[in-house]
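Trainee: Questions regarding the structure given below will be posed in turn.
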Amino acid sequence: MRKPTRRTFGKSVAAAPVAAAMLPAISSAQASTTPARLSFPQGFKWGCATAAYQIEGAADEDGRGPSIWDNFSHTLGKTFQGDTGDVADDSYHLYKEDVRLLKNLDAKVYRMSISWSRVLPDGTGKPNGKGLDYYKRVVDELRNNDIEPYVTLFHWDLPASLPHGWQSRTTAKAFGDYAAFIARELSDRVHNFFTTNEFVCFTDLSYKVGQFAPGLRLDAAQVNQVRHHGVLAHGLGVQAIRANAKPGTRVGLAENATVFAPVIEEKQHVEAALKATRQGNAPFLTAVLEGKYLESYLEREGANAPKVEAGDMKIIGSPLDFVGLNVYTPEYVRAEDSPAGYSVLPRQSSFPHMPSPWLFVGPEVIYWAVRNVSTLWKPQEIYITENGCSADDVVRADGCINDTDRLMYLRNHLMHLQRAASEGYPVKGYFLWSLLDNYEWADGYSKRFGIHYVDFKTQKRTPKLTAEWYKATIAANSVA
Ligand code: GBH
């Protein structure tokens with residue numbers, strides 16, 4: 001049998017690992033006006049992602065309790081022009097319209113999050129029926145449109161009434177109880193859950209750098225403890241879902257692991273990238289997927305290392321059904337003759353980036369994200385739980401939003417994702433960030449990540465060029 005190439009494997013996919021792409025001879029099809037397309041495996045799950053505080057609004061409605069992001073965004077000087085998520089995309093009221101946007105794309109899956117304090121206003125204790133009903137309505141609307149919901153339990157909007165937030169071990173326990181509650185209430189209609197989103201953002205950025213809620217700058221020992229409570233919460237969440245959800249419910253997490261790409265694709269640098277991946281994610285993904293903290297991490301932190309109680313690491317390492325990766329930007333490494341065995345290369349000032357200054361463009365990041373995580377930890381399934389970019393979108397006189405830069409970003413990432421799929425890595429789906437422009441945390445409404453434009457004065461949604469392109473990509477199950 002002819003070896004499948006990247007272009008043909010999707011049609012015959014048995015997803016066995018195959019050699020890297022060979023250049024196919026130019027066939028008559030390729031000589032025609034339509035370029036050959038790179039196919040994804042049959043049944044690949046295409047969708048979009050959002051998060052509660054970024055889209056819902058209705059911050060004060062139907063008994064929702066405050067979260068640390070309400071407090072933070074209402075504190076002078078913390079967010080761009082004092083922007084808050086009070087209204088955001090008003091998806092609390094407009095969710096049917098948002099499901100229509102997904103339906104129009106023919107999306108198969110949708111990643112959304114639950115606002116913990118909407119369903120448990122105090123974080124623990126008495127539930128808020130009206131809040132829970134909202135999520136039931138959204139999920140039912142999705143299912144009625146043949147869109148499978150993938151639900152994140154925690155995307156940073158921690159209930160404000162939990163004393164000391166993630167500094168307290170009790171918060172990890174509270175998260176477990178909240179996960180159990182959601183599993184009992186929603187697993188009849190939600191079959192896939194993510195526990196937490198992006199450890200580094202709700203720990204380091206929130207308690208060390210102070211850029212995200214609650215905006216603290218703690219010392220190294222305290223930060224390591226916050227990190228530990230984060231991964232512990234994830235593990236308790238996994239166990240709570242397994243114990244309380246209907247059989248067949250699946251659970252994973254959504255993590256923006258730091259992705260290390262070999263600067264040159266040669267053996268020694270490829271191995272350096274693996275070492276860097278393990279070390280560079282030691283407090284988070286490495287701990288979750290290995291059920292332990294690396295000795296090198298504990299040694300480096302010394303007296304500041306996290307205080308771990310008996311049994312914690314087993315909980316943290318609870319087996320998962322899938323790993324979700326939020327992928328945006330790469331680090332480049334090369335092999336080095338040093339104890340670490342690798343070094344991370346600084347970026348030149350000319351390295352291209354999108355309007356978000358942190359969002360450097362290196363599309364091969366998505367291939368290496370999947371490949372490194374697969375090689376090191378062999379998860380059963382991988383989902384890209386976020387990928388996308390900000391762009392300086394402008395509505396032209398004719399009403400079009402020609403986001404050609406975002407299209408370039410997305411197309412190139414998908415080509416590299418297809419490379420991973422064609423080599424047999426178990427990537428099962430892709431959630432584009434984001435369905436629509438939304439509240440971009442400390443950047444407020446100044447950065448747009450949507451494939452639908454939102455006029456925040458009127459709440460009007462307009463598909464951008466990338467929505468048209470994504471619809472065609474989904475329809476063809478391939479990229480070109
Ligand atoms: C994701 O984070 C989030 O999950 C999502 O909610 C968000 O809307 C999306 O990305 C787009 O940002 O200002 O230099 O300190 C992506 C990872 C980590 C990117 C924190 C921004 C702040 C960098 N994010 N980072 S900096």
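As shown in the structure tokens, the chain order sets the letters A, B, ...; within each chain, residues go from 1, and ligands are also counted from 1 in the order they appear.
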Counting only C-alpha atoms and all ligand atoms, what are the residues, protein, DNA or RNA alike, that approach ligand 1 to within 7 Å? I want them as number ranges by chain.

Mentor: A: 51, 197-198, 201, 211, 256, 326, 328, 357-358, 389, 433, 440-441, 449

Trainee: Please identify all polymer residues within 7 Å of segment 101-117 of chain A, counting only C-alpha atoms, omitting same-chain residues fewer than 2 positions from it, and present them as number ranges by chain.

Mentor: A: 45-53, 64-67, 97-99, 119-123, 145-155, 157-159, 431, 471

Trainee: I need the chosen residues saved as an mmCIF file, in the first residue's frame, with N, CA and C atoms.

Mentor:
```cif
data_model
loop_
_atom_site.group_PDB
_atom_site.id
_atom_site.type_symbol
_atom_site.label_atom_id
_atom_site.label_comp_id
_atom_site.auth_asym_id
_atom_site.auth_seq_id
_atom_site.Cartn_x
_atom_site.Cartn_y
_atom_site.Cartn_z
ATOM 1 N N LYS A 45 -13.333 16.834 15.917
ATOM 2 C CA LYS A 45 -14.351 17.701 16.521
ATOM 3 C C LYS A 45 -13.964 19.168 16.424
ATOM 4 N N TRP A 46 -14.673 19.880 15.585
ATOM 5 C CA TRP A 46 -14.408 21.301 15.386
ATOM 6 C C TRP A 46 -15.351 22.126 16.250
ATOM 7 N N GLY A 47 -14.808 23.169 16.870
ATOM 8 C CA GLY A 47 -15.693 24.013 17.669
ATOM 9 C C GLY A 47 -15.047 25.326 18.040
ATOM 10 N N CYS A 48 -15.667 26.010 18.991
ATOM 11 C CA CYS A 48 -15.171 27.295 19.496
ATOM 12 C C CYS A 48 -15.197 27.256 21.012
ATOM 13 N N ALA A 49 -14.448 28.176 21.610
ATOM 14 C CA ALA A 49 -14.391 28.259 23.067
ATOM 15 C C ALA A 49 -14.748 29.669 23.538
ATOM 16 N N THR A 50 -15.297 29.721 24.749
ATOM 17 C CA THR A 50 -15.521 30.997 25.459
ATOM 18 C C THR A 50 -15.367 30.720 26.957
ATOM 19 N N ALA A 51 -15.525 31.768 27.758
ATOM 20 C CA ALA A 51 -15.538 31.589 29.217
ATOM 21 C C ALA A 51 -16.588 32.513 29.819
ATOM 22 N N ALA A 52 -17.143 32.074 30.951
ATOM 23 C CA ALA A 52 -18.302 32.734 31.549
ATOM 24 C C ALA A 52 -18.104 34.237 31.756
ATOM 25 N N TYR A 53 -17.077 34.599 32.514
ATOM 26 C CA TYR A 53 -16.967 36.027 32.849
ATOM 27 C C TYR A 53 -16.683 36.877 31.621
ATOM 28 N N ARG A 64 -26.745 35.771 41.224
ATOM 29 C CA ARG A 64 -25.315 35.469 41.095
ATOM 30 C C ARG A 64 -24.527 36.180 42.191
ATOM 31 N N GLY A 65 -23.602 35.475 42.821
ATOM 32 C CA GLY A 65 -22.728 36.090 43.818
ATOM 33 C C GLY A 65 -21.521 36.706 43.142
ATOM 34 N N PRO A 66 -20.813 37.613 43.832
ATOM 35 C CA PRO A 66 -19.646 38.250 43.211
ATOM 36 C C PRO A 66 -18.454 37.290 43.129
ATOM 37 N N SER A 67 -17.646 37.477 42.104
ATOM 38 C CA SER A 67 -16.395 36.727 41.988
ATOM 39 C C SER A 67 -15.237 37.698 42.187
ATOM 40 N N GLU A 97 -28.775 33.346 20.410
ATOM 41 C CA GLU A 97 -28.125 33.923 19.238
ATOM 42 C C GLU A 97 -26.703 33.351 19.096
ATOM 43 N N ASP A 98 -26.019 33.205 20.217
ATOM 44 C CA ASP A 98 -24.652 32.679 20.160
ATOM 45 C C ASP A 98 -24.629 31.213 19.720
ATOM 46 N N VAL A 99 -25.621 30.465 20.130
ATOM 47 C CA VAL A 99 -25.714 29.080 19.652
ATOM 48 C C VAL A 99 -25.985 29.075 18.142
ATOM 49 N N VAL A 119 -23.834 29.695 40.343
ATOM 50 C CA VAL A 119 -24.563 28.508 40.815
ATOM 51 C C VAL A 119 -24.421 28.305 42.326
ATOM 52 N N LEU A 120 -23.303 28.755 42.885
ATOM 53 C CA LEU A 120 -23.115 28.720 44.342
ATOM 54 C C LEU A 120 -22.641 30.115 44.750
ATOM 55 N N PRO A 121 -23.569 31.012 45.036
ATOM 56 C CA PRO A 121 -23.216 32.427 45.239
ATOM 57 C C PRO A 121 -22.134 32.654 46.298
ATOM 58 N N ASP A 122 -22.075 31.789 47.307
ATOM 59 C CA ASP A 122 -21.047 31.948 48.346
ATOM 60 C C ASP A 122 -19.864 31.009 48.119
ATOM 61 N N GLY A 123 -19.858 30.325 47.006
ATOM 62 C CA GLY A 123 -18.756 29.386 46.734
ATOM 63 C C GLY A 123 -19.034 28.007 47.296
ATOM 64 N N ASN A 145 -29.284 21.633 18.945
ATOM 65 C CA ASN A 145 -28.659 21.991 17.670
ATOM 66 C C ASN A 145 -27.504 21.056 17.308
ATOM 67 N N ASP A 146 -27.480 19.913 17.971
ATOM 68 C CA ASP A 146 -26.430 18.902 17.707
ATOM 69 C C ASP A 146 -25.026 19.409 17.978
ATOM 70 N N ILE A 147 -24.891 20.267 18.961
ATOM 71 C CA ILE A 147 -23.566 20.751 19.358
ATOM 72 C C ILE A 147 -23.276 20.198 20.750
ATOM 73 N N GLU A 148 -22.165 19.496 20.876
ATOM 74 C CA GLU A 148 -21.829 18.836 22.145
ATOM 75 C C GLU A 148 -21.145 19.839 23.076
ATOM 76 N N PRO A 149 -21.707 20.070 24.267
ATOM 77 C CA PRO A 149 -21.043 20.991 25.185
ATOM 78 C C PRO A 149 -19.849 20.359 25.900
ATOM 79 N N TYR A 150 -18.769 21.077 25.979
ATOM 80 C CA TYR A 150 -17.602 20.711 26.792
ATOM 81 C C TYR A 150 -17.481 21.809 27.844
ATOM 82 N N VAL A 151 -17.627 21.453 29.084
ATOM 83 C CA VAL A 151 -17.807 22.469 30.123
ATOM 84 C C VAL A 151 -16.580 22.583 31.030
ATOM 85 N N THR A 152 -16.056 23.804 31.117
ATOM 86 C CA THR A 152 -14.971 24.105 32.053
ATOM 87 C C THR A 152 -15.587 24.545 33.369
ATOM 88 N N LEU A 153 -15.124 23.957 34.454
ATOM 89 C CA LEU A 153 -15.711 24.317 35.755
ATOM 90 C C LEU A 153 -15.133 25.616 36.307
ATOM 91 N N PHE A 154 -13.875 25.874 36.004
ATOM 92 C CA PHE A 154 -13.262 27.068 36.591
ATOM 93 C C PHE A 154 -12.373 27.788 35.588
ATOM 94 N N HIS A 155 -12.852 28.932 35.141
ATOM 95 C CA HIS A 155 -12.054 29.770 34.238
ATOM 96 C C HIS A 155 -11.844 31.125 34.939
ATOM 97 N N ASP A 157 -12.947 32.871 37.563
ATOM 98 C CA ASP A 157 -13.890 33.730 38.300
ATOM 99 C C ASP A 157 -14.250 33.094 39.641
ATOM 100 N N LEU A 158 -13.289 33.111 40.539
ATOM 101 C CA LEU A 158 -13.462 32.486 41.864
ATOM 102 C C LEU A 158 -14.485 33.263 42.700
ATOM 103 N N PRO A 159 -15.407 32.547 43.371
ATOM 104 C CA PRO A 159 -16.353 33.255 44.242
ATOM 105 C C PRO A 159 -15.606 34.131 45.254
ATOM 106 N N PHE A 431 -10.816 23.693 19.561
ATOM 107 C CA PHE A 431 -11.736 24.758 19.966
ATOM 108 C C PHE A 431 -11.070 26.103 19.684
ATOM 109 N N LYS A 471 -15.931 28.091 8.709
ATOM 110 C CA LYS A 471 -17.074 27.295 8.252
ATOM 111 C C LYS A 471 -16.652 26.382 7.086
#
```

Trainee: Report, in Å to a single decimal, how far apart atom CA of Thr258 of chain A and atom CA of Val308 of chain A are.

Mentor: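 Straight-line distance from atom CA of Val308 of chain A to atom CA of Thr258 of chain A works out to 23.8 Å.
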
Trainee: Neighbours of Pro214 of chain A within 10 Å (only C-alpha atoms; same-chain residues fewer than 3 positions away dropped), as a PyMOL selection string?

Mentor: chain A and resi 67-73+78+157-158+160+164-166+202-203+205-207+210-211+217

Trainee: Of the residues A:Val87, A:Val333, A:Val190, A:Leu407, which is the one nearest to Glu266 of chain A, using only C-alpha atoms?

Mentor: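 Ranked by minimum distance to Glu266 of chain A, first place goes to A:Val333.
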
Trainee: Can you measure atom CA of Val479 of chain A to atom CA of Asn144 of chain A for me? One decimal in Å is fine.

Mentor: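 Between atom CA of Val479 of chain A and atom CA of Asn144 of chain A the gap is 28.0 Å.
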
Trainee: Could you check which of A:Ser422, A:Thr329, A:Gln225, A:Thr195 is closest to Leu253 of chain A, using only C-alpha atoms?

Mentor: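 Checking each of A:Ser422, A:Thr329, A:Gln225, A:Thr195 against Leu253 of chain A, counting only C-alpha atoms, the winner is A:Thr195.
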
Trainee: Pick out each residue of segment 99-238 of chain A that DSSP on the backbone tags as strand (DSSP E); I need them as a compact mmCIF listing (two decimals) with all heavy atoms, in the first residue's frame.

Mentor:
```txt
# COMPACT_ATOMS: atom_id res chain seq x y z
N VAL A 109 -18.78 21.00 18.46
CA VAL A 109 -18.54 21.07 19.90
C VAL A 109 -18.40 22.54 20.32
O VAL A 109 -18.05 23.39 19.50
CB VAL A 109 -17.24 20.30 20.29
CG1 VAL A 109 -17.44 18.80 20.15
CG2 VAL A 109 -16.05 20.76 19.45
N TYR A 110 -18.68 22.79 21.59
CA TYR A 110 -18.54 24.15 22.13
C TYR A 110 -17.98 24.04 23.53
O TYR A 110 -18.49 23.30 24.35
CB TYR A 110 -19.91 24.83 22.15
CG TYR A 110 -19.93 26.22 22.76
CD1 TYR A 110 -19.06 27.22 22.33
CD2 TYR A 110 -20.86 26.54 23.76
CE1 TYR A 110 -19.10 28.50 22.88
CE2 TYR A 110 -20.92 27.82 24.31
CZ TYR A 110 -20.04 28.80 23.86
OH TYR A 110 -20.09 30.07 24.40
N ARG A 111 -16.90 24.78 23.76
CA ARG A 111 -16.31 24.81 25.10
C ARG A 111 -16.76 26.10 25.79
O ARG A 111 -16.50 27.20 25.29
CB ARG A 111 -14.79 24.75 25.02
CG ARG A 111 -14.12 24.89 26.36
CD ARG A 111 -12.61 24.67 26.32
NE ARG A 111 -12.09 24.98 27.63
CZ ARG A 111 -11.23 25.96 27.90
NH1 ARG A 111 -10.72 26.70 26.94
NH2 ARG A 111 -10.86 26.20 29.14
N MET A 112 -17.46 25.94 26.90
CA MET A 112 -17.97 27.08 27.68
C MET A 112 -17.60 26.85 29.14
O MET A 112 -17.23 25.75 29.52
CB MET A 112 -19.49 27.14 27.56
CG MET A 112 -20.14 25.81 27.95
SD MET A 112 -21.92 25.75 27.74
CE MET A 112 -22.44 26.42 29.33
N SER A 113 -17.69 27.90 29.94
CA SER A 113 -17.41 27.67 31.36
C SER A 113 -18.60 28.08 32.21
O SER A 113 -19.47 28.82 31.76
CB SER A 113 -16.14 28.39 31.81
OG SER A 113 -16.39 29.73 32.17
N GLU A 148 -22.17 19.50 20.88
CA GLU A 148 -21.83 18.84 22.15
C GLU A 148 -21.14 19.84 23.08
O GLU A 148 -20.10 20.41 22.71
CB GLU A 148 -20.89 17.66 21.83
CG GLU A 148 -20.57 16.75 22.98
CD GLU A 148 -21.75 15.86 23.40
OE1 GLU A 148 -22.55 15.46 22.53
OE2 GLU A 148 -21.85 15.59 24.61
N PRO A 149 -21.71 20.07 24.27
CA PRO A 149 -21.04 20.99 25.19
C PRO A 149 -19.85 20.36 25.90
O PRO A 149 -19.93 19.21 26.33
CB PRO A 149 -22.15 21.32 26.20
CG PRO A 149 -23.08 20.16 26.16
CD PRO A 149 -22.98 19.55 24.79
N TYR A 150 -18.77 21.08 25.98
CA TYR A 150 -17.60 20.71 26.79
C TYR A 150 -17.48 21.81 27.84
O TYR A 150 -17.26 22.98 27.48
CB TYR A 150 -16.34 20.64 25.92
CG TYR A 150 -16.19 19.36 25.15
CD1 TYR A 150 -17.12 18.99 24.18
CD2 TYR A 150 -15.10 18.51 25.38
CE1 TYR A 150 -16.98 17.79 23.47
CE2 TYR A 150 -14.96 17.32 24.66
CZ TYR A 150 -15.90 16.98 23.72
OH TYR A 150 -15.75 15.80 23.01
N VAL A 151 -17.63 21.45 29.08
CA VAL A 151 -17.81 22.47 30.12
C VAL A 151 -16.58 22.58 31.03
O VAL A 151 -16.14 21.60 31.63
CB VAL A 151 -19.07 22.16 30.95
CG1 VAL A 151 -19.14 23.01 32.20
CG2 VAL A 151 -20.32 22.38 30.09
N THR A 152 -16.06 23.80 31.12
CA THR A 152 -14.97 24.11 32.05
C THR A 152 -15.59 24.55 33.37
O THR A 152 -16.44 25.43 33.39
CB THR A 152 -14.10 25.26 31.52
OG1 THR A 152 -13.76 25.01 30.16
CG2 THR A 152 -12.83 25.41 32.34
N LEU A 153 -15.12 23.96 34.45
CA LEU A 153 -15.71 24.32 35.76
C LEU A 153 -15.13 25.62 36.31
O LEU A 153 -15.81 26.34 37.02
CB LEU A 153 -15.47 23.19 36.76
CG LEU A 153 -16.21 21.89 36.43
CD1 LEU A 153 -15.84 20.81 37.44
CD2 LEU A 153 -17.72 22.11 36.42
N PHE A 154 -13.88 25.87 36.00
CA PHE A 154 -13.26 27.07 36.59
C PHE A 154 -12.37 27.79 35.59
O PHE A 154 -11.30 27.30 35.23
CB PHE A 154 -12.45 26.70 37.84
CG PHE A 154 -11.77 27.89 38.45
CD1 PHE A 154 -12.53 28.89 39.03
CD2 PHE A 154 -10.40 28.04 38.41
CE1 PHE A 154 -11.92 30.03 39.58
CE2 PHE A 154 -9.78 29.16 38.95
CZ PHE A 154 -10.54 30.15 39.53
N ASN A 192 -18.73 15.84 28.99
CA ASN A 192 -17.29 16.15 28.99
C ASN A 192 -17.03 17.39 29.83
O ASN A 192 -17.64 18.44 29.59
CB ASN A 192 -16.82 16.41 27.55
CG ASN A 192 -16.94 15.15 26.70
OD1 ASN A 192 -16.10 14.27 26.76
ND2 ASN A 192 -18.01 15.07 25.91
N PHE A 193 -16.13 17.24 30.79
CA PHE A 193 -15.79 18.36 31.67
C PHE A 193 -14.29 18.63 31.66
O PHE A 193 -13.48 17.70 31.56
CB PHE A 193 -16.19 18.05 33.12
CG PHE A 193 -17.68 18.07 33.34
CD1 PHE A 193 -18.41 16.89 33.35
CD2 PHE A 193 -18.35 19.27 33.55
CE1 PHE A 193 -19.79 16.90 33.57
CE2 PHE A 193 -19.72 19.29 33.76
CZ PHE A 193 -20.44 18.11 33.77
N PHE A 194 -13.96 19.90 31.77
CA PHE A 194 -12.60 20.32 32.10
C PHE A 194 -12.68 20.88 33.52
O PHE A 194 -13.61 21.64 33.84
CB PHE A 194 -12.10 21.42 31.15
CG PHE A 194 -12.10 21.00 29.71
CD1 PHE A 194 -13.04 21.50 28.83
CD2 PHE A 194 -11.15 20.11 29.22
CE1 PHE A 194 -13.05 21.12 27.49
CE2 PHE A 194 -11.14 19.73 27.88
CZ PHE A 194 -12.10 20.23 27.02
N THR A 195 -11.72 20.53 34.34
CA THR A 195 -11.72 21.06 35.71
C THR A 195 -11.35 22.53 35.69
O THR A 195 -12.21 23.40 35.79
CB THR A 195 -10.72 20.28 36.58
OG1 THR A 195 -9.46 20.28 35.88
CG2 THR A 195 -11.19 18.86 36.83
N THR A 196 -10.05 22.82 35.54
CA THR A 196 -9.54 24.18 35.65
C THR A 196 -8.97 24.65 34.32
O THR A 196 -8.61 23.84 33.47
CB THR A 196 -8.40 24.24 36.69
OG1 THR A 196 -7.45 23.21 36.38
CG2 THR A 196 -8.92 24.01 38.09
N ASN A 197 -8.88 25.95 34.16
CA ASN A 197 -8.26 26.54 32.97
C ASN A 197 -6.98 27.26 33.36
O ASN A 197 -7.01 28.19 34.16
CB ASN A 197 -9.23 27.55 32.34
CG ASN A 197 -8.65 28.17 31.07
OD1 ASN A 197 -8.55 27.50 30.04
ND2 ASN A 197 -8.24 29.42 31.14
```

Trainee: Using only C-alpha atoms, which residues sit within 10 Å of Leu436 of chain A once same-chain residues fewer than 5 positions away are excluded, as a PDB file with N, CA and C atoms, in the first residue's frame?

Mentor:
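Written output follows (out.pdb):
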```pdb
ATOM      1  N   CYS A  48     -15.667  26.010  18.991  1.00  0.00           N
ATOM      2  CA  CYS A  48     -15.171  27.295  19.496  1.00  0.00           C
ATOM      3  C   CYS A  48     -15.197  27.256  21.012  1.00  0.00           C
ATOM      4  N   ALA A  49     -14.448  28.176  21.610  1.00  0.00           N
ATOM      5  CA  ALA A  49     -14.391  28.259  23.067  1.00  0.00           C
ATOM      6  C   ALA A  49     -14.748  29.669  23.538  1.00  0.00           C
ATOM      7  N   THR A  50     -15.297  29.721  24.749  1.00  0.00           N
ATOM      8  CA  THR A  50     -15.521  30.997  25.459  1.00  0.00           C
ATOM      9  C   THR A  50     -15.367  30.720  26.957  1.00  0.00           C
ATOM     10  N   GLN A  54     -16.145  36.268  30.592  1.00  0.00           N
ATOM     11  CA  GLN A  54     -15.786  37.021  29.389  1.00  0.00           C
ATOM     12  C   GLN A  54     -16.972  37.276  28.469  1.00  0.00           C
ATOM     13  N   ILE A  55     -18.049  36.485  28.608  1.00  0.00           N
ATOM     14  CA  ILE A  55     -19.177  36.668  27.679  1.00  0.00           C
ATOM     15  C   ILE A  55     -20.537  36.914  28.343  1.00  0.00           C
ATOM     16  N   ASP A  89     -20.651  40.325  26.627  1.00  0.00           N
ATOM     17  CA  ASP A  89     -21.419  40.073  25.403  1.00  0.00           C
ATOM     18  C   ASP A  89     -22.901  39.858  25.694  1.00  0.00           C
ATOM     19  N   ASP A  98     -26.019  33.205  20.217  1.00  0.00           N
ATOM     20  CA  ASP A  98     -24.652  32.679  20.160  1.00  0.00           C
ATOM     21  C   ASP A  98     -24.629  31.213  19.720  1.00  0.00           C
ATOM     22  N   LEU A 101     -24.856  31.245  16.045  1.00  0.00           N
ATOM     23  CA  LEU A 101     -23.564  31.508  15.388  1.00  0.00           C
ATOM     24  C   LEU A 101     -22.778  30.206  15.239  1.00  0.00           C
ATOM     25  N   ARG A 448      -9.519  42.186  20.610  1.00  0.00           N
ATOM     26  CA  ARG A 448     -10.582  41.355  20.030  1.00  0.00           C
ATOM     27  C   ARG A 448     -10.010  40.023  19.567  1.00  0.00           C
ATOM     28  N   PHE A 449     -10.564  38.923  20.057  1.00  0.00           N
ATOM     29  CA  PHE A 449     -10.115  37.565  19.689  1.00  0.00           C
ATOM     30  C   PHE A 449     -11.179  36.797  18.897  1.00  0.00           C
ATOM     31  N   GLY A 450     -12.347  37.404  18.656  1.00  0.00           N
ATOM     32  CA  GLY A 450     -13.461  36.644  18.084  1.00  0.00           C
ATOM     33  C   GLY A 450     -13.332  36.392  16.600  1.00  0.00           C
ATOM     34  N   ILE A 451     -14.076  35.377  16.119  1.00  0.00           N
ATOM     35  CA  ILE A 451     -14.287  35.258  14.673  1.00  0.00           C
ATOM     36  C   ILE A 451     -15.641  35.881  14.320  1.00  0.00           C
ATOM     37  N   HIS A 452     -16.354  36.343  15.368  1.00  0.00           N
ATOM     38  CA  HIS A 452     -17.510  37.211  15.149  1.00  0.00           C
ATOM     39  C   HIS A 452     -17.227  38.528  15.854  1.00  0.00           C
ATOM     40  N   TYR A 453     -17.467  39.604  15.149  1.00  0.00           N
ATOM     41  CA  TYR A 453     -17.256  40.944  15.693  1.00  0.00           C
ATOM     42  C   TYR A 453     -18.446  41.292  16.588  1.00  0.00           C
ATOM     43  N   VAL A 454     -18.153  41.893  17.736  1.00  0.00           N
ATOM     44  CA  VAL A 454     -19.232  42.362  18.610  1.00  0.00           C
ATOM     45  C   VAL A 454     -19.129  43.873  18.753  1.00  0.00           C
ATOM     46  N   ARG A 461     -23.704  41.104  16.634  1.00  0.00           N
ATOM     47  CA  ARG A 461     -22.654  40.165  16.227  1.00  0.00           C
ATOM     48  C   ARG A 461     -22.571  40.143  14.703  1.00  0.00           C
ATOM     49  N   THR A 462     -21.364  40.235  14.160  1.00  0.00           N
ATOM     50  CA  THR A 462     -21.162  40.166  12.712  1.00  0.00           C
ATOM     51  C   THR A 462     -20.023  39.190  12.420  1.00  0.00           C
ATOM     52  N   PRO A 463     -20.276  38.222  11.538  1.00  0.00           N
ATOM     53  CA  PRO A 463     -19.180  37.293  11.210  1.00  0.00           C
ATOM     54  C   PRO A 463     -18.026  38.044  10.543  1.00  0.00           C
ATOM     55  N   LYS A 464     -16.815  37.717  10.966  1.00  0.00           N
ATOM     56  CA  LYS A 464     -15.632  38.248  10.290  1.00  0.00           C
ATOM     57  C   LYS A 464     -15.273  37.287   9.144  1.00  0.00           C
ATOM     58  N   ALA A 467     -14.758  33.763  10.144  1.00  0.00           N
ATOM     59  CA  ALA A 467     -15.919  32.888  10.393  1.00  0.00           C
ATOM     60  C   ALA A 467     -16.257  32.147   9.104  1.00  0.00           C
TER      61      ALA A 467
END
```

Trainee: Determine which residues of segment 128-322 of chain A DSSP labels as helix (DSSP H, G or I) from the backbone of this structure, then write them out as a VMD selection string.

Mentor: chain A and resid 129 to 144 165 to 167 169 to 186 199 to 202 204 to 207 220 to 244 267 to 280 282 to 290 295 to 304 312 to 316

Trainee: Write out as CSV a residue-level contact list of segment 342-402 of chain A versus segment 409-417 of chain A with cut-off 7 Å: for each qualifying residue the closest pair of atoms and the distance in Å to one decimal, counting only C-alpha atoms, rows sorted by chain and residue number upward.

Mentor:
```
residue,atom,partner,partner_atom,distance
A:Pro363,CA,A:His413,CA,4.6
A:Glu364,CA,A:His416,CA,5.6
A:Ile366,CA,A:Leu417,CA,5.8
A:Tyr367,CA,A:His416,CA,5.2
A:Gly388,CA,A:Leu410,CA,6.4
```

Trainee: Would you list the contacts of segment 173-180 of chain A as a PyMOL selection string, taking every protein, DNA or RNA residue within 9 Å and counting only C-alpha atoms, but skipping same-chain residues closer than 5 positions in sequence?

Mentor: chain A and resi 116+119-120+123-124+153-154+162+185+195+232-245

Trainee: Could you work out how far atom CA of Asp83 of chain A lies from atom CA of Leu435 of chain A, giving the answer in Å with one decimal?

Mentor: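 Atom CA of Asp83 of chain A lies 20.2 Å from atom CA of Leu435 of chain A.
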
Trainee: Would you please work out which residue, of A:Tyr439, A:Arg227, A:Ala272, A:Ile316, is nearest to Ser338 of chain A when using only C-alpha atoms?

Mentor: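 Using only C-alpha atoms, Ser338 of chain A sits closest to A:Ala272.
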
Trainee: For Trp156 of chain A, which of A:Phe212, A:Phe181, A:Phe40, A:Phe360 is the closest residue, counting only C-alpha atoms?

Mentor: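 For Trp156 of chain A, the nearest of the given residues is A:Phe212.
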